[in-house]
Each structure stands twice: as structure tokens, then as C-alpha cells.
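S.K.: Below you'll find protein.cif; it's mmCIF, C-alpha atoms.
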```cif
data_start
loop_
_atom_site.label_atom_id
_atom_site.label_comp_id
_atom_site.auth_asym_id
_atom_site.auth_seq_id
_atom_site.Cartn_x
_atom_site.Cartn_y
_atom_site.Cartn_z
CA MET A 1 208.44 -51.65 19.33
CA ARG A 2 204.93 -50.23 19.28
CA ARG A 3 203.20 -49.62 15.96
CA PHE A 4 200.08 -47.62 15.20
CA LEU A 5 197.67 -48.10 12.34
CA THR A 6 194.39 -46.49 11.33
CA ALA A 7 192.01 -48.42 9.10
CA SER A 8 188.73 -47.44 7.47
CA HIS A 9 186.34 -47.62 4.58
CA GLY A 10 187.41 -44.87 2.18
CA PRO A 11 189.66 -41.90 2.96
CA LEU A 12 188.93 -41.49 6.70
CA SER A 13 191.95 -43.45 7.98
CA GLU A 14 194.46 -41.36 6.08
CA ALA A 15 192.56 -38.09 6.46
CA ILE A 16 192.26 -38.42 10.24
CA LEU A 17 196.07 -38.62 10.50
CA LYS A 18 196.34 -35.44 8.44
CA SER A 19 193.75 -33.69 10.61
CA ALA A 20 195.49 -34.85 13.77
CA GLY A 21 198.79 -33.62 12.31
CA LEU A 22 197.32 -30.15 11.88
CA ILE A 23 196.51 -29.98 15.57
CA ALA A 24 199.51 -31.68 17.11
CA GLY A 25 202.15 -31.28 14.38
CA GLU A 26 202.86 -33.90 11.71
CA GLU A 27 205.86 -35.28 13.61
CA THR A 28 203.55 -36.55 16.33
CA PHE A 29 202.16 -39.15 13.91
CA HIS A 30 205.44 -40.14 12.32
CA GLY A 31 205.39 -43.88 11.71
CA PHE A 32 201.60 -44.17 11.82
CA ARG A 33 200.28 -46.21 8.90
CA SER A 34 196.80 -46.27 7.40
CA ILE A 35 194.73 -48.80 5.50
CA SER A 36 191.87 -47.64 3.29
CA VAL A 37 189.47 -50.14 1.73
CA THR A 38 186.98 -49.45 -1.04
CA MET A 39 183.85 -51.24 -2.23
CA SER A 40 185.83 -52.98 -4.98
CA ASP A 41 188.43 -54.51 -2.63
CA SER A 42 187.97 -58.24 -2.13
CA ARG A 43 188.70 -59.94 1.18
CA GLU A 44 191.97 -61.19 -0.36
CA THR A 45 192.96 -57.67 -1.38
CA VAL A 46 192.28 -56.37 2.13
CA MET A 47 194.23 -59.24 3.71
CA GLY A 48 197.04 -58.43 1.27
CA MET A 49 197.13 -54.80 2.47
CA ILE A 50 197.31 -55.92 6.08
CA ASP A 51 200.01 -58.52 5.30
CA GLU A 52 202.03 -55.94 3.41
CA ILE A 53 202.17 -53.66 6.46
CA PHE A 54 202.53 -56.38 9.08
CA SER A 55 205.40 -58.02 7.16
CA GLN A 56 207.44 -54.87 7.82
CA TYR A 57 206.96 -55.26 11.57
CA ASP A 58 208.84 -57.55 13.90
CA PRO A 59 206.68 -60.46 15.20
CA GLU A 60 207.26 -59.11 18.72
CA ASP A 61 206.02 -55.60 17.85
CA GLU A 62 202.86 -54.45 19.60
CA ILE A 63 200.40 -53.21 16.99
CA VAL A 64 197.57 -50.85 17.94
CA ALA A 65 194.98 -50.60 15.17
CA ILE A 66 192.30 -47.92 15.32
CA THR A 67 189.41 -48.75 12.99
CA ASP A 68 186.40 -46.80 11.79
CA VAL A 69 183.48 -48.93 12.98
CA PHE A 70 182.89 -52.15 14.87
CA GLY A 71 181.51 -54.84 12.58
CA GLY A 72 182.95 -53.20 9.46
CA SER A 73 184.91 -55.25 6.95
CA ILE A 74 188.32 -53.84 7.81
CA THR A 75 187.73 -54.38 11.53
CA ASN A 76 186.64 -57.94 10.80
CA ALA A 77 189.66 -58.60 8.60
CA LEU A 78 192.05 -57.33 11.25
CA THR A 79 190.33 -59.44 13.90
CA GLU A 80 191.63 -62.57 12.16
CA TYR A 81 195.15 -61.51 13.16
CA ILE A 82 194.68 -61.19 16.89
CA THR A 83 195.68 -64.79 17.51
CA THR A 84 198.86 -64.62 15.42
CA ARG A 85 200.12 -61.07 16.12
CA LYS A 86 200.39 -58.87 19.20
CA LEU A 87 197.53 -56.87 17.77
CA HIS A 88 195.13 -54.64 19.72
CA ILE A 89 192.12 -53.29 17.83
CA ILE A 90 190.04 -50.30 18.89
CA ALA A 91 186.93 -49.69 16.79
CA GLY A 92 185.21 -46.31 16.56
CA MET A 93 187.93 -43.84 15.70
CA ASN A 94 187.61 -40.17 16.44
CA LEU A 95 190.09 -37.32 16.35
CA GLY A 96 190.52 -37.07 20.12
CA LEU A 97 191.35 -40.77 20.31
CA VAL A 98 193.89 -40.55 17.47
CA LEU A 99 195.52 -37.49 19.08
CA GLU A 100 195.82 -39.38 22.36
CA ALA A 101 197.51 -42.25 20.51
CA GLY A 102 199.96 -39.78 18.97
CA PHE A 103 200.85 -38.32 22.35
CA SER A 104 201.15 -41.71 24.03
CA ASP A 105 204.36 -42.87 25.64
CA GLU A 106 205.85 -46.22 24.66
CA SER A 107 206.85 -46.87 28.27
CA VAL A 108 203.16 -47.21 29.21
CA PRO A 109 202.10 -50.89 28.95
CA VAL A 110 199.91 -51.54 25.93
CA GLU A 111 196.99 -52.84 28.04
CA GLU A 112 196.92 -49.55 29.92
CA LEU A 113 197.23 -47.54 26.70
CA VAL A 114 194.31 -49.36 25.10
CA LYS A 115 192.08 -48.73 28.13
CA ASN A 116 193.04 -45.06 28.10
CA LEU A 117 192.38 -44.69 24.36
CA GLN A 118 188.97 -46.30 24.78
CA GLN A 119 188.11 -43.92 27.62
CA VAL A 120 189.30 -40.83 25.75
CA GLY A 121 187.32 -41.92 22.69
CA HIS A 122 184.15 -42.23 24.79
CA GLU A 123 184.68 -38.87 26.49
CA GLN A 124 184.85 -37.14 23.11
CA ILE A 125 181.16 -37.71 22.39
CA LEU A 126 179.44 -34.69 23.90
CA TYR A 127 176.24 -32.75 23.43
CA VAL A 128 177.76 -29.28 23.25
CA ASN A 129 174.50 -27.38 23.84
CA ASP A 130 174.20 -28.95 27.30
CA MET A 131 177.72 -27.90 28.14
CA ALA A 132 177.11 -24.36 26.90
CA ARG A 133 174.17 -24.08 29.31
CA GLN A 134 176.26 -25.02 32.32
CA GLU A 135 177.30 -21.98 34.32
CA ASN A 136 180.57 -23.39 35.53
CA THR A 137 182.89 -20.63 36.67
CA GLU A 138 184.89 -22.46 39.33
CA ASP A 139 187.90 -22.81 37.03
CA GLU A 140 187.93 -19.14 36.17
CA ILE A 141 190.67 -16.98 37.64
CA MET B 1 204.40 -17.15 35.97
CA ILE B 2 204.08 -16.75 32.26
CA LYS B 3 205.30 -19.80 30.32
CA ALA B 4 204.41 -18.57 26.85
CA LEU B 5 202.89 -15.67 24.96
CA HIS B 6 201.10 -16.83 21.81
CA LEU B 7 199.51 -14.73 19.07
CA ASP B 8 196.65 -16.48 17.29
CA ASP B 9 193.34 -15.01 16.10
CA ARG B 10 191.59 -18.24 17.07
CA LEU B 11 192.75 -17.86 20.72
CA ILE B 12 191.77 -21.13 22.45
CA HIS B 13 191.45 -23.80 19.74
CA GLY B 14 192.70 -27.33 19.05
CA GLN B 15 196.38 -26.57 18.62
CA VAL B 16 196.42 -24.50 21.80
CA ALA B 17 194.07 -26.54 23.97
CA ILE B 18 195.55 -29.90 23.09
CA SER B 19 199.14 -29.45 21.94
CA TRP B 20 200.45 -26.29 23.58
CA THR B 21 198.86 -26.84 26.99
CA ARG B 22 200.34 -30.32 27.14
CA PHE B 23 203.76 -29.22 25.90
CA LEU B 24 204.05 -26.31 28.36
CA ASP B 25 202.37 -28.15 31.21
CA ALA B 26 200.31 -24.97 31.51
CA ASN B 27 197.55 -24.89 34.10
CA VAL B 28 196.07 -21.54 33.09
CA LEU B 29 195.03 -20.24 29.68
CA LEU B 30 194.79 -16.46 29.93
CA VAL B 31 192.96 -14.71 27.11
CA ILE B 32 194.05 -11.07 26.86
CA ASN B 33 191.70 -8.98 24.75
CA ASP B 34 189.80 -5.76 25.42
CA ALA B 35 186.64 -6.73 23.51
CA ILE B 36 186.21 -10.34 24.67
CA VAL B 37 186.20 -9.36 28.35
CA ASN B 38 182.71 -7.96 27.76
CA ASP B 39 181.48 -10.51 25.20
CA ASN B 40 179.69 -13.36 26.99
CA THR B 41 179.02 -15.34 23.81
CA ARG B 42 182.69 -15.43 22.82
CA LYS B 43 183.65 -16.27 26.40
CA MET B 44 181.15 -19.15 26.51
CA ALA B 45 182.58 -20.72 23.35
CA LEU B 46 186.21 -20.21 24.38
CA LYS B 47 185.60 -21.64 27.87
CA MET B 48 184.38 -24.90 26.39
CA ALA B 49 187.66 -25.40 24.55
CA VAL B 50 189.65 -25.31 27.80
CA PRO B 51 190.94 -28.81 28.65
CA PRO B 52 189.93 -30.45 31.95
CA ALA B 53 192.11 -29.53 34.95
CA VAL B 54 193.19 -26.30 33.26
CA LYS B 55 191.95 -22.96 34.56
CA TYR B 56 191.23 -19.96 32.39
CA GLY B 57 190.92 -16.23 32.68
CA PHE B 58 189.85 -13.27 30.60
CA ARG B 59 191.57 -9.91 31.00
CA SER B 60 191.79 -6.62 29.16
CA VAL B 61 195.29 -5.82 27.94
CA GLU B 62 195.93 -3.45 30.83
CA GLU B 63 194.57 -5.88 33.43
CA GLY B 64 196.41 -8.78 31.81
CA ILE B 65 199.77 -7.05 32.07
CA HIS B 66 199.00 -6.08 35.65
CA PHE B 67 197.98 -9.66 36.53
CA LEU B 68 201.06 -11.22 34.90
CA ASN B 69 203.34 -8.85 36.79
CA GLY B 70 201.54 -9.35 40.10
CA PRO B 71 202.00 -11.92 42.87
CA ASP B 72 198.79 -13.89 42.06
CA SER B 73 200.17 -15.09 38.74
CA GLN B 74 203.27 -16.65 40.33
CA LYS B 75 201.47 -19.77 41.53
CA TYR B 76 200.34 -20.69 38.00
CA HIS B 77 201.95 -21.88 34.78
CA ILE B 78 200.29 -19.48 32.39
CA MET B 79 199.94 -19.56 28.65
CA ALA B 80 198.90 -16.04 27.62
CA LEU B 81 196.88 -15.79 24.42
CA VAL B 82 196.37 -12.70 22.29
CA SER B 83 194.58 -12.39 18.97
CA ASP B 84 195.80 -8.93 18.02
CA PRO B 85 199.44 -8.18 17.06
CA GLN B 86 199.40 -4.78 18.76
CA ASP B 87 198.07 -6.36 21.96
CA ALA B 88 200.86 -8.94 21.64
CA ALA B 89 203.43 -6.16 21.53
CA ARG B 90 201.97 -4.40 24.56
CA VAL B 91 202.10 -7.61 26.60
CA ALA B 92 205.57 -8.61 25.35
CA LEU B 93 206.99 -5.20 26.25
CA GLY B 94 204.98 -4.83 29.44
CA VAL B 95 205.77 -8.13 31.13
CA PRO B 96 209.44 -8.88 31.92
CA GLY B 97 210.71 -12.41 31.34
CA ILE B 98 208.96 -13.30 28.09
CA GLN B 99 211.43 -15.42 26.09
CA ARG B 100 209.76 -15.24 22.69
CA LEU B 101 206.51 -14.42 20.95
CA THR B 102 205.11 -17.41 19.07
CA VAL B 103 202.56 -16.89 16.31
CA GLY B 104 199.87 -19.39 15.32
CA GLY B 105 198.36 -17.06 12.76
CA VAL B 106 196.43 -13.85 12.17
CA ARG B 107 194.08 -14.08 9.21
CA LYS B 108 192.51 -10.81 8.12
CA LYS B 109 192.23 -8.40 5.24
CA ALA B 110 195.74 -6.97 5.39
CA PRO B 111 198.99 -7.50 3.48
CA TYR B 112 200.48 -11.01 3.40
CA ILE B 113 203.52 -11.45 5.63
CA ALA B 114 203.71 -15.24 5.85
CA ASP B 115 201.31 -18.16 5.44
CA ASN B 116 198.34 -17.56 7.79
CA LEU B 117 199.74 -14.18 8.78
CA ASN B 118 198.36 -10.89 7.46
CA LEU B 119 199.40 -7.65 9.13
CA THR B 120 198.67 -3.95 8.77
CA GLY B 121 201.51 -1.42 8.79
CA GLU B 122 200.77 -0.62 12.45
CA ASP B 123 200.89 -4.34 13.30
CA VAL B 124 204.29 -4.67 11.61
CA GLN B 125 205.68 -1.66 13.51
CA ALA B 126 204.37 -3.04 16.81
CA LEU B 127 205.97 -6.45 16.25
CA LEU B 128 209.27 -4.86 15.17
CA LYS B 129 209.36 -3.09 18.54
CA VAL B 130 209.16 -6.53 20.15
CA VAL B 131 212.00 -7.81 17.95
CA ASP B 132 214.09 -4.72 18.71
CA SER B 133 213.64 -5.27 22.43
CA GLY B 134 215.41 -8.61 22.04
CA ILE B 135 212.36 -10.90 22.03
CA PRO B 136 212.29 -13.15 18.94
CA VAL B 137 208.99 -13.28 17.04
CA GLY B 138 208.29 -16.37 14.95
CA MET B 139 205.66 -18.66 13.49
CA LEU B 140 205.04 -21.76 15.61
CA PRO B 141 201.45 -23.07 15.28
CA THR B 142 202.20 -26.20 17.30
CA PRO B 143 205.13 -26.84 19.63
CA SER B 144 206.45 -29.65 17.42
CA ASP B 145 206.73 -27.38 14.37
CA LYS B 146 209.94 -25.48 13.60
CA PHE B 147 210.18 -21.89 14.93
CA VAL B 148 210.33 -19.71 11.81
CA ASN B 149 211.75 -16.32 12.77
CA LEU B 150 209.73 -13.46 11.26
CA GLU B 151 212.24 -10.63 11.68
CA ALA B 152 213.33 -10.53 8.01
CA SER B 153 209.72 -10.62 6.75
CA LEU B 154 208.70 -7.86 9.17
CA ARG B 155 211.63 -5.64 8.15
CA LYS B 156 210.85 -6.19 4.48
CA ALA B 157 207.18 -5.32 5.03
CA SER B 158 208.19 -2.26 7.01
CA GLN B 159 210.39 -0.99 4.16
CA SER B 160 207.89 -1.65 1.38
CA GLY B 161 205.03 -0.18 3.43
#
```
Could you show the structure in this file as C-alpha cells?
M.R.:
Amino acid sequence: MRRFLTASHGPLSEAILKSAGLIAGEETFHGFRSISVTMSDSRETVMGMIDEIFSQYDPEDEIVAITDVFGGSITNALTEYITTRKLHIIAGMNLGLVLEAGFSDESVPVEELVKNLQQVGHEQILYVNDMARQENTEDEI
Amino acid sequence: MIKALHLDDRLIHGQVAISWTRFLDANVLLVINDAIVNDNTRKMALKMAVPPAVKYGFRSVEEGIHFLNGPDSQKYHIMALVSDPQDAARVALGVPGIQRLTVGGVRKKAPYIADNLNLTGEDVQALLKVVDSGIPVGMLPTPSDKFVNLEASLRKASQSG
């Protein structure tokens, strides 16, 4: 089975699932879990949160974790699990990326999914003023 | 052909651009509104919300009905978007084959009908005409929500108004 997880400093990981649910419907993110760490959480506490969630998953489950920022403590803590679990970590969450994860199809191999999520995440960073200046009318009917 | 008629004062926004377009496999978002046709600033902002590989169009209510009933619309899967309840009724009654009118929301200074839905007396009467023609009207902000039929709320509002 494929499992999804968001992880962040503070409320972002949980809030982004709520925001995504507003756009795509809450059902789309059914089964998604989130981990939120605060300044007072020790490394042991954070590992405990991860263990608590992972212990509910089968060892053969594919886990896709979407984290707030590369180099952050929660990303680093999760990284320690990539040798023992079928864990795939994508750092740099944004709403478009999380929506794409919600819409994803379990029949798509996880390697392909991860590449797609990374690409969608990149494509979401846009300078809107530049786009507004483009006079593109070829898609207009 | 028309795949859906959706009433939402935000027209093209996240729920429509991302969830509805995908769900319907729509390849055209058609905004039907008399004022926006001549408002380049609104059009610019709405155009940017259109997902890649999806076409878009802006039509007045009269032109929109004409387009949807004409041969050019048959080659597309169209999601028609209206922001005004009375426009919604004109389109629903003017274009044969519409299965239902879904509502994302209309937020304005008018009596409360349902969450995110405020309607004037004229709006209520217009939507009741749609209901009476056999086309269900209901709240459905995203396709994965539950369709909440508005007929009872509209009748109640009609009686108290």
C-alpha cells in the first residue's frame, strides 16, 4: 500500500492538508498523515512521532513524505529511515505538489510518482506579473 | 458539448481549475457573463487560472447560449461557468441537455440560503424555474463533495420572501 505524509516545523504540514482539502475535497486526502515539530521537540521526540506513524504501516508499504524544507530537522530525521523503510522524501512542499499527491493513482510506480511530484512542485513557482504581460490568446475560443 | 454548468461567483478558481476540470475531463472553460466580456482586467486574471492544455472562452449570456447550442461546441468538453444565479437560469433553460446545476457559492449582500450562498428574491425565483423544469440545483463546491439539493431551501425562501 502507498502512504502519504506531510511533515514540517509548526502548523504547515497539517494546515496544507486542510487547504488542499478545500480545493479538492477532504476525501482526496483521506489517509494522509502529518507530523508537526516545534522548537521544544528533541530529536528523540521527533523520532518517536515518526516511529508512532510508521509502526502502523506494513514494512512493505511505500511511504511518500513531503517535507517543508531541505536541511530542516524533520527532513533530516526522516532521512535516517530511508535505509530501513521504503521511504521517499520530497522536500519543499507547496500546495500544487500536495494536490498532485492527492490526485495520484496508486497504480503508477512510486519512482514515476516522485519524479512527477518534483516537477509539479517546481512548475508552481511562477512570477505572475510576467505571465500577466504575455498576450497569449491561442487557447481562446 | 456541455459537460457541466456551474454557478460560482469566483468563476475560474482553484476548485474549478484543479478539481472540476480534472473530474470532468473538460477541455474548455467557458465563462458566461455580460460584464466580463468587456473587462480586460478580469479576463487577464481569469485566463491565468486556466490549467495547461485547457482552452477558455468568454461569452455574453446570449452568445454563450448560442455557442453551446451550435455546432462549434460539439467538438469540445465544456464546463460552463456563471457567477450570477439569473444568468445560470437563462443558460440552464436555454441549452438542452443540462443534467444539473451545481453551485460552488454566491457570496453577496442578500438573504442567506445556505452556507456560501446568498440570493435575492429574483435569484430564488430564477433558480426555482430551473428546478421546476426538471433540472436539479444543488451545492457541490468540488466534485468529491456530496450534492446537497437546494430545492427545499429555495422553496422556503420563496415563501418567506
S.K.: Given the file shown, determine the residues that the PyMOL selection byres ((chain A) within 10 of (chain B)) selects; report them as an MDAnalysis selection string.
M.R.: chainID A and resid 20:28 96 99:100 103 128 131:141
S.K.: Write out, as a PDB file, in the frame of the given file, the residues just selected, with C-alpha atoms.
M.R.:
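Contents of again08.pdb, freshly written:
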```pdb
ATOM      1  CA  ALA A  20     195.490 -34.850  13.770  1.00  0.00           C
ATOM      2  CA  GLY A  21     198.790 -33.620  12.310  1.00  0.00           C
ATOM      3  CA  LEU A  22     197.320 -30.150  11.880  1.00  0.00           C
ATOM      4  CA  ILE A  23     196.510 -29.980  15.570  1.00  0.00           C
ATOM      5  CA  ALA A  24     199.510 -31.680  17.110  1.00  0.00           C
ATOM      6  CA  GLY A  25     202.150 -31.280  14.380  1.00  0.00           C
ATOM      7  CA  GLU A  26     202.860 -33.900  11.710  1.00  0.00           C
ATOM      8  CA  GLU A  27     205.860 -35.280  13.610  1.00  0.00           C
ATOM      9  CA  THR A  28     203.550 -36.550  16.330  1.00  0.00           C
ATOM     10  CA  GLY A  96     190.520 -37.070  20.120  1.00  0.00           C
ATOM     11  CA  LEU A  99     195.520 -37.490  19.080  1.00  0.00           C
ATOM     12  CA  GLU A 100     195.820 -39.380  22.360  1.00  0.00           C
ATOM     13  CA  PHE A 103     200.850 -38.320  22.350  1.00  0.00           C
ATOM     14  CA  VAL A 128     177.760 -29.280  23.250  1.00  0.00           C
ATOM     15  CA  MET A 131     177.720 -27.900  28.140  1.00  0.00           C
ATOM     16  CA  ALA A 132     177.110 -24.360  26.900  1.00  0.00           C
ATOM     17  CA  ARG A 133     174.170 -24.080  29.310  1.00  0.00           C
ATOM     18  CA  GLN A 134     176.260 -25.020  32.320  1.00  0.00           C
ATOM     19  CA  GLU A 135     177.300 -21.980  34.320  1.00  0.00           C
ATOM     20  CA  ASN A 136     180.570 -23.390  35.530  1.00  0.00           C
ATOM     21  CA  THR A 137     182.890 -20.630  36.670  1.00  0.00           C
ATOM     22  CA  GLU A 138     184.890 -22.460  39.330  1.00  0.00           C
ATOM     23  CA  ASP A 139     187.900 -22.810  37.030  1.00  0.00           C
ATOM     24  CA  GLU A 140     187.930 -19.140  36.170  1.00  0.00           C
ATOM     25  CA  ILE A 141     190.670 -16.980  37.640  1.00  0.00           C
TER      26      ILE A 141
END
```
S.K.: Could you work out how far CA of Asp8 in chain B lies from CA of Asn40 in chain B, giving the answer in Å with one decimal?
M.R.: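 Interatomic distance, CA of Asn40 in chain B to CA of Asp8 in chain B: 19.8 Å.
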S.K.: Please enumerate the residues selected by the PyMOL selection byres ((chain B and resi 119) around 12) when evaluated against the supplied file, formatted as a PyMOL selection string.
M.R.: chain B and resi 9+83-86+105-118+120-128+153-154+157-158+161
S.K.: Taking (202.7, -44.1, 10.7) in the file's coordinates as the center, which residues reach within 9 Å of it, counting all atoms listed in the file, put as number ranges by chain?
M.R.: A: 3-6, 17, 29-34
S.K.: Now that the selection is made, can you save its residues with C-alpha atoms as a compact mmCIF listing (two decimals), keeping the file's coordinate frame?
M.R.:
```txt
# COMPACT_ATOMS: atom_id res chain seq x y z
CA ARG A 3 203.20 -49.62 15.96
CA PHE A 4 200.08 -47.62 15.20
CA LEU A 5 197.67 -48.10 12.34
CA THR A 6 194.39 -46.49 11.33
CA LEU A 17 196.07 -38.62 10.50
CA PHE A 29 202.16 -39.15 13.91
CA HIS A 30 205.44 -40.14 12.32
CA GLY A 31 205.39 -43.88 11.71
CA PHE A 32 201.60 -44.17 11.82
CA ARG A 33 200.28 -46.21 8.90
CA SER A 34 196.80 -46.27 7.40
```
S.K.: Report the distance between CA of Val114 in chain A and CA of Pro51 in chain B in Å, rounded to one decimal place.
M.R.: 21.1 Å
S.K.: How would you write, as a list in words, the residues chosen by the PyMOL selection byres ((chain A and resi 44-57) around 8) on this structure?
M.R.: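 The output of the PyMOL selection byres ((chain A and resi 44-57) around 8) on this file is Ile35, Val37, Asp41, Ser42, Arg43, Asp58, Pro59, Asp61, Ile74, Ala77 and Leu78 of chain A.
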S.K.: Would you export the selected residues with C-alpha atoms as a short mmCIF file (atom, residue, chain, number, x, y, z; two decimals), in the coordinates of the input, please?
M.R.:
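Written output follows (again-v4.cif):
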```cif
data_model
loop_
_atom_site.label_atom_id
_atom_site.label_comp_id
_atom_site.auth_asym_id
_atom_site.auth_seq_id
_atom_site.Cartn_x
_atom_site.Cartn_y
_atom_site.Cartn_z
CA ILE A 35 194.73 -48.80 5.50
CA VAL A 37 189.47 -50.14 1.73
CA ASP A 41 188.43 -54.51 -2.63
CA SER A 42 187.97 -58.24 -2.13
CA ARG A 43 188.70 -59.94 1.18
CA ASP A 58 208.84 -57.55 13.90
CA PRO A 59 206.68 -60.46 15.20
CA ASP A 61 206.02 -55.60 17.85
CA ILE A 74 188.32 -53.84 7.81
CA ALA A 77 189.66 -58.60 8.60
CA LEU A 78 192.05 -57.33 11.25
#
```
S.K.: Calculate how many Å separate CA of Val103 in chain B from CA of Leu5 in chain B, rounding to one decimal.
M.R.: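 CA of Val103 in chain B sits 8.7 Å away from CA of Leu5 in chain B.
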S.K.: Could N, CA and C atoms be built for range 8-19 of chain A and written out as a tab-separated table (two decimals), keeping the file's coordinate frame?
M.R.:
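Printed below is selection-v6.tsv as written:
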```tsv
chain	number	residue	atom	x	y	z
A	8	SER	N	190.12	-47.87	7.70
A	8	SER	CA	188.73	-47.44	7.47
A	8	SER	C	188.24	-47.80	6.08
A	9	HIS	N	186.94	-47.67	5.90
A	9	HIS	CA	186.34	-47.62	4.58
A	9	HIS	C	186.66	-46.23	4.01
A	10	GLY	N	187.18	-46.17	2.81
A	10	GLY	CA	187.41	-44.87	2.18
A	10	GLY	C	188.51	-44.06	2.83
A	11	PRO	N	188.49	-42.73	2.64
A	11	PRO	CA	189.66	-41.90	2.96
A	11	PRO	C	189.83	-41.54	4.45
A	12	LEU	N	188.88	-41.94	5.30
A	12	LEU	CA	188.93	-41.49	6.70
A	12	LEU	C	190.26	-41.80	7.40
A	13	SER	N	190.77	-43.02	7.22
A	13	SER	CA	191.95	-43.45	7.98
A	13	SER	C	193.17	-42.57	7.69
A	14	GLU	N	193.32	-42.20	6.43
A	14	GLU	CA	194.46	-41.36	6.08
A	14	GLU	C	194.18	-39.90	6.46
A	15	ALA	N	192.93	-39.48	6.20
A	15	ALA	CA	192.56	-38.09	6.46
A	15	ALA	C	192.63	-37.76	7.95
A	16	ILE	N	192.28	-38.72	8.80
A	16	ILE	CA	192.26	-38.42	10.24
A	16	ILE	C	193.70	-38.19	10.74
A	17	LEU	N	194.67	-38.86	10.12
A	17	LEU	CA	196.07	-38.62	10.50
A	17	LEU	C	196.51	-37.22	10.07
A	18	LYS	N	196.01	-36.79	8.90
A	18	LYS	CA	196.34	-35.44	8.44
A	18	LYS	C	195.70	-34.40	9.34
A	19	SER	N	194.44	-34.63	9.71
A	19	SER	CA	193.75	-33.69	10.61
A	19	SER	C	194.44	-33.63	11.96
```
